[in-house]
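Peer 1: Following this line is run04.txt, made up of compact mmCIF, C-alpha atoms:
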# COMPACT_ATOMS: atom_id res chain seq x y z
CA MET H 14 140.51 101.66 133.69
CA ASP H 15 136.75 101.83 134.30
CA LYS H 16 134.86 104.98 135.34
CA HIS H 17 134.95 104.03 139.05
CA THR H 18 138.72 103.56 139.06
CA GLN H 19 139.13 106.84 137.13
CA TRP H 20 137.07 108.66 139.77
CA ILE H 21 139.17 107.16 142.58
CA ALA H 22 142.41 107.99 140.71
CA ALA H 23 141.25 111.62 140.40
CA ARG H 24 140.68 111.76 144.19
CA VAL H 25 144.18 110.36 144.80
CA ARG H 26 145.63 113.07 142.51
CA ILE H 27 143.75 115.72 144.51
CA GLY H 28 145.24 114.18 147.68
CA TRP H 29 148.76 114.52 146.27
CA ILE H 30 148.08 118.14 145.28
CA ILE H 31 146.83 118.99 148.81
CA LEU H 32 149.88 117.22 150.26
CA ALA H 33 152.27 119.14 147.97
CA VAL H 34 150.63 122.49 148.76
CA GLY H 35 150.79 121.61 152.47
CA VAL H 36 154.50 120.83 152.24
CA VAL H 37 155.20 124.13 150.45
CA ILE H 38 153.15 126.17 152.95
CA GLY H 39 154.75 124.30 155.87
CA MET H 40 158.25 124.99 154.55
CA ILE H 41 157.42 128.67 154.05
CA GLY H 42 156.18 128.75 157.66
CA ILE H 43 159.36 127.08 158.97
CA PHE H 44 161.49 129.46 156.89
CA LEU H 45 159.63 132.47 158.31
CA GLU H 46 159.99 131.10 161.86
CA LEU H 47 163.75 130.56 161.44
CA ARG H 48 164.25 133.96 159.87
CA GLY H 49 162.44 135.59 162.77
CA SER H 50 160.85 138.25 160.59
CA ASN H 51 158.81 141.09 162.00
CA LEU H 52 155.46 139.78 160.79
CA PRO H 53 152.34 141.11 162.53
CA PHE H 54 151.43 137.49 163.37
CA ALA H 55 153.22 134.35 164.58
CA ALA H 56 154.84 132.51 161.65
CA ALA H 57 153.85 129.26 163.38
CA ILE H 58 150.31 129.91 162.03
CA VAL H 59 151.65 129.42 158.50
CA THR H 60 153.46 126.22 159.58
CA GLY H 61 150.19 125.07 161.18
CA TRP H 62 148.30 125.54 157.91
CA GLY H 63 151.03 123.56 156.16
CA ILE H 64 150.74 120.71 158.67
CA LEU H 65 146.95 120.75 158.21
CA GLY H 66 147.45 120.46 154.43
CA VAL H 67 149.92 117.59 154.81
CA GLY H 68 147.57 115.75 157.19
CA THR H 69 144.55 116.27 154.94
CA GLY H 70 146.49 115.20 151.85
CA ILE H 71 147.77 112.03 153.52
CA GLY H 72 144.24 111.27 154.76
CA VAL H 73 142.77 111.62 151.25
CA ILE H 74 145.53 109.52 149.67
CA VAL H 75 145.27 106.72 152.26
CA ARG H 76 141.46 106.64 151.98
CA TYR H 77 141.30 106.40 148.19
CA ARG H 78 144.55 104.63 147.34
CA ALA H 79 143.40 101.44 149.06
CA ALA H 80 140.45 101.33 146.65
CA LEU H 81 142.80 101.36 143.63
CA ARG H 82 143.89 97.77 144.37
CA GLY H 83 140.96 96.31 142.46
CA ASP H 84 138.01 97.31 140.29
CA GLN H 85 135.56 95.89 142.83
CA ALA H 86 137.01 97.94 145.70
CA ALA H 87 137.00 101.08 143.51
CA ARG H 88 133.41 100.41 142.55
CA ARG H 89 132.27 99.93 146.16
CA LEU H 90 133.93 103.13 147.39
CA THR H 91 132.69 105.19 144.42
CA VAL H 92 129.12 103.95 144.85
CA GLU H 93 129.30 104.64 148.59
CA GLU H 94 130.62 108.19 148.02
CA LEU H 95 128.29 109.12 145.14
CA ASP H 96 125.21 107.21 146.30
CA GLU H 97 122.37 109.71 145.90
CA ARG H 98 120.80 108.88 149.26
CA ASN H 99 124.12 109.40 151.06
CA VAL H 100 124.69 112.65 149.14
CA SER H 101 121.20 113.81 150.12
CA ILE H 102 121.79 112.93 153.78
CA ARG H 103 125.09 114.84 153.80
CA ALA H 104 123.46 117.84 152.10
CA ARG H 105 120.66 117.94 154.69
CA ALA H 106 123.21 117.64 157.50
CA GLY H 107 125.26 120.47 155.97
CA ASN H 108 122.17 122.64 155.74
CA ARG H 109 121.30 122.06 159.41
CA ALA H 110 124.91 122.67 160.49
CA TYR H 111 124.88 125.92 158.52
CA TRP H 112 121.78 127.15 160.37
CA ALA H 113 123.27 126.10 163.71
CA SER H 114 126.43 128.03 162.84
CA THR H 115 124.42 131.08 161.75
CA ALA H 116 122.40 131.01 164.99
CA LEU H 117 125.61 130.90 167.07
CA VAL H 118 127.22 133.76 165.15
CA PHE H 119 124.01 135.78 165.56
CA MET H 120 124.11 135.09 169.32
CA GLY H 121 127.74 136.23 169.33
CA LEU H 122 126.80 139.45 167.56
CA MET H 123 123.97 140.06 170.03
CA TRP H 124 126.32 139.36 172.93
CA ALA H 125 128.92 141.79 171.57
CA SER H 126 126.22 144.45 171.08
CA PHE H 127 124.87 144.05 174.62
CA ALA H 128 128.41 143.91 176.02
CA ALA H 129 129.16 147.26 174.35
CA ASN H 130 126.50 149.02 176.47
CA GLY H 131 127.34 147.08 179.63
CA SER H 132 124.31 144.75 179.70
CA MET H 133 126.47 141.64 179.32
CA PRO H 134 130.04 140.68 180.33
CA ASP H 135 132.73 141.36 177.73
CA LEU H 136 133.15 138.71 175.09
CA SER H 137 136.92 138.48 175.44
CA GLY H 138 139.68 136.33 176.87
CA ASP H 139 138.60 132.87 178.08
CA VAL H 140 134.91 133.58 177.46
CA LEU H 141 135.61 134.41 173.81
CA TRP H 142 137.78 131.29 173.46
CA TYR H 143 135.05 129.02 174.83
CA PHE H 144 132.43 130.74 172.71
CA LEU H 145 134.51 130.15 169.57
CA VAL H 146 135.01 126.50 170.57
CA VAL H 147 131.23 126.13 170.81
CA CYS H 148 130.88 127.88 167.42
CA VAL H 149 133.13 125.21 165.88
CA ALA H 150 132.01 122.15 167.83
CA ALA H 151 128.22 122.68 167.92
CA PRO H 152 127.65 122.83 164.12
CA PHE H 153 129.87 119.75 163.75
CA GLY H 154 127.76 118.00 166.41
CA VAL H 155 124.58 119.01 164.56
CA TYR H 156 126.11 117.68 161.30
CA VAL H 157 126.98 114.29 162.81
CA ALA H 158 123.65 113.97 164.68
CA SER H 159 121.73 114.84 161.52
CA ILE H 160 123.57 112.16 159.55
CA LEU H 161 122.86 109.55 162.24
CA VAL H 162 119.15 110.46 162.41
CA ASP H 163 118.70 110.55 158.62
CA GLN H 164 120.59 107.27 158.13
CA ARG H 165 117.91 105.70 160.31
CA ASN H 166 114.88 107.58 158.97
CA LEU H 167 115.57 107.92 155.25
CA MET T 280 105.89 106.77 147.42
CA LYS T 281 104.76 103.21 146.96
CA ASN T 282 106.65 101.11 144.44
CA ARG T 283 107.01 97.60 143.07
CA LEU T 284 110.78 97.36 143.46
CA ALA T 285 110.81 94.46 145.94
CA GLU T 286 108.34 92.52 143.82
CA LEU T 287 110.26 93.10 140.57
CA ARG T 288 113.60 92.34 142.21
CA THR T 289 112.34 89.06 143.64
CA LYS T 290 110.77 88.16 140.29
CA ASN T 291 114.20 88.55 138.67
CA GLY T 292 115.87 86.52 141.43
CA TRP T 293 118.20 89.34 142.48
CA THR T 294 119.36 90.17 145.98
CA GLN T 295 119.25 93.80 147.15
CA GLN T 296 123.03 94.01 146.69
CA GLU T 297 122.82 92.67 143.13
CA LEU T 298 120.15 95.23 142.24
CA ALA T 299 122.18 97.99 143.92
CA ASP T 300 125.28 97.02 141.91
CA GLN T 301 123.36 97.19 138.64
CA VAL T 302 122.13 100.75 139.21
CA ASP T 303 125.25 102.06 141.01
CA VAL T 304 123.72 102.79 144.41
CA SER T 305 124.29 101.35 147.87
CA ARG T 306 122.30 98.42 149.24
CA GLN T 307 120.94 100.75 151.92
CA THR T 308 119.39 102.92 149.19
CA ILE T 309 117.60 99.90 147.73
CA ILE T 310 116.32 98.99 151.21
CA SER T 311 115.03 102.55 151.74
CA LEU T 312 113.42 102.59 148.29
CA GLU T 313 111.71 99.27 148.88
CA ASN T 314 110.39 100.48 152.24
CA GLY T 315 109.06 103.64 150.61
CA ARG T 316 111.14 105.82 152.95
CA TYR T 317 113.17 107.37 150.15
CA ASN T 318 112.07 108.66 146.74
CA PRO T 319 114.68 108.26 143.99
CA SER T 320 116.01 110.99 141.75
CA ILE T 321 114.63 111.02 138.22
CA LEU T 322 117.95 109.58 136.96
CA LEU T 323 117.83 106.63 139.34
CA ALA T 324 114.16 106.06 138.47
CA PHE T 325 115.10 105.92 134.77
CA ARG T 326 118.00 103.53 135.50
CA LEU T 327 115.66 101.22 137.40
CA ALA T 328 112.98 101.44 134.70
CA ARG T 329 115.53 100.65 132.00
CA LEU T 330 116.88 97.72 134.02
CA PHE T 331 113.41 96.18 134.46
CA LYS T 332 112.43 97.16 130.87
CA LEU T 333 109.39 99.04 132.19
CA GLN T 334 108.10 102.62 132.35
CA ILE T 335 108.84 104.63 135.52
CA GLU T 336 105.12 104.76 136.37
CA ASP T 337 104.98 100.96 136.19
CA ILE T 338 107.49 100.81 139.07
CA PHE T 339 106.73 103.92 141.13
CA LEU T 340 103.06 104.37 141.95
CA TYR T 341 102.04 108.02 142.28
CA SER T 342 99.13 108.91 144.54
CA ASP T 343 97.62 112.35 145.18
CA GLU T 344 97.34 111.70 148.92
CA GLU T 345 101.10 111.31 149.32
CA ASP T 346 101.88 114.43 147.28
CA ARG T 347 101.76 117.34 149.69
CA TYR T 348 101.80 119.82 146.80
CA GLY T 349 99.42 117.89 144.56
Once more with this new file: its structure as C-alpha cells, please.
Peer 2:
Amino acid sequence: MDKHTQWIAARVRIGWIILAVGVVIGMIGIFLELRGSNLPFAAAIVTGWGILGVGTGIGVIVRYRAALRGDQAARRLTVEELDERNVSIRARAGNRAYWASTALVFMGLMWASFAANGSMPDLSGDVLWYFLVVCVAAPFGVYVASILVDQRNL
Amino acid sequence: MKNRLAELRTKNGWTQQELADQVDVSRQTIISLENGRYNPSILLAFRLARLFKLQIEDIFLYSDEEDRYG
C-alpha cells in the first residue's frame, strides 16, 4: 500500500468513526424522544446531530472509498486534496469567510445594543431567524466566491 | 516570480501532467507556476530542483523589483 492509498484509507477510517458516532448520538436522541424525558430542550436536537453525523460519515466514506479501487485513483485524489495551491486557496477563502462572519456578528452585537435603548427594532422572532440565516449563508458565499476568484487568479 | 519551468519541462519532453505527477501537485499548479502567477513553497521548489538536478535559483529567478519587502 503506497503513501497515497494509506492517506485515503485513513480518511475512510475517519468516515466510519464519524458514521459510528452519528449512529450512537442518533440512537440516544431517539431513545430520549421515546422516553419523553423532561429535558430543557427538544430531544429531536440530539437526533438531528446524530443524523448530521451519519450523513457526514457516509459522505466522507463515499468520497474516499471510490479512490481505494486503484493506486492511480488514490494518487489523483490525494494530490488534488493536498496540492499546495489548492490548500492555499482554501486557506485564503477560510480567512475571508472568517472576517465576513466576524463582521456579521459585530453587526448583530451593535443591533442588539441599539435595540436595547430603543434605537432599532428588537432582534427577535423572524428578524432574528433571518439574521442568523444570513450569518450562516453569507460567510459560506464569501468562501465559495473566494475559491472561484482565486482558482482563476492564482 | 519568473522561472524556467516551462523551458526545462519542454527540454525534458514532459507534459504538464507528467511534471505534476513527478512532484505530487496538480496540473493546475504547474500551469500557475509556469505563468508566474503562483510562487511555490520551499518544499515544492526543492522537489522541482531535485527533479531537474539543478539549484533552486537556477529555476526560480529572484528579482528585487518583484519583492515588495526587498
Peer 1: Which residues of chain T come within 12 Å of chain H, and for each one, what is the closest pair of atoms and their distance in Å to one decimal, counting only C-alpha atoms, sorted by chain and residue number, as a tab-separated table?
Peer 2:
residue	atom	partner	partner_atom	distance
T:Gln296	CA	H:Arg89	CA	11.0
T:Ala299	CA	H:Val92	CA	9.2
T:Asp300	CA	H:Val92	CA	8.5
T:Gln301	CA	H:Val92	CA	10.8
T:Val302	CA	H:Val92	CA	9.5
T:Asp303	CA	H:Val92	CA	5.8
T:Val304	CA	H:Asp96	CA	5.0
T:Ser305	CA	H:Glu93	CA	6.0
T:Arg306	CA	H:Glu93	CA	9.4
T:Gln307	CA	H:Arg98	CA	8.6
T:Thr308	CA	H:Arg98	CA	6.1
T:Ile309	CA	H:Arg98	CA	9.7
T:Ile310	CA	H:Leu167	CA	9.8
T:Ser311	CA	H:Leu167	CA	6.4
T:Leu312	CA	H:Leu167	CA	9.0
T:Glu313	CA	H:Leu167	CA	11.4
T:Asn314	CA	H:Leu167	CA	9.6
T:Gly315	CA	H:Leu167	CA	9.1
T:Arg316	CA	H:Leu167	CA	5.4
T:Tyr317	CA	H:Leu167	CA	5.7
T:Asn318	CA	H:Arg98	CA	9.1
T:Pro319	CA	H:Glu97	CA	8.1
T:Ser320	CA	H:Glu97	CA	7.7
T:Ile321	CA	H:Glu97	CA	11.0
T:Leu322	CA	H:Glu97	CA	10.0
T:Leu323	CA	H:Glu97	CA	8.6
T:Ala324	CA	H:Glu97	CA	11.7
Peer 1: So, with only C-alpha atoms as the atoms that count, which of H:Val75, H:Leu81, H:Ala158, H:Leu122 lies closest to Leu141 (chain H)?
Peer 2: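 Among the listed residues, H:Leu122 lies closest to Leu141 (chain H).
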Peer 1: Find the spatial neighbours of region 64-67 of chain H, counting all atoms listed in the file, within a cut-off of 8 Å - ignore same-chain residues fewer than 6 positions away - and output them as a VMD selection string.
Peer 2: chain H and resid 31 to 36 39
Peer 1: Measure the distance from CA of Arg24 (chain H) to CA of Gly70 (chain H) in Å and round it to one decimal.
Peer 2: 10.2 Å
Peer 1: Could you check how far CA of Arg329 (chain T) sits from CA of Glu297 (chain T), in Å to one decimal?
Peer 2: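 Pair CA of Arg329 (chain T) / CA of Glu297 (chain T) returns 15.5 Å.
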Peer 1: Mind pulling up the distance from CA of Ser159 (chain H) to CA of Tyr143 (chain H)?
Peer 2: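 Between CA of Tyr143 (chain H) and CA of Ser159 (chain H) the gap works out to 23.6 Å.
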Peer 1: Write out as a list in words the residues lying within 8 Å of Lys281 (chain T), counting only C-alpha atoms and excluding same-chain residues fewer than 3 positions away.
Peer 2: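 Contacts, in chain order: Gly315, Phe339, Leu340 and Tyr341 of chain T.
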Peer 1: I'd like the contact shell of Ile41 (chain H) - 9 Å cut-off, all atoms listed in the file, skipping same-chain residues fewer than 2 positions apart - returned as a VMD selection string.
Peer 2: chain H and resid 36 to 39 43 to 46 56 59 to 60 63
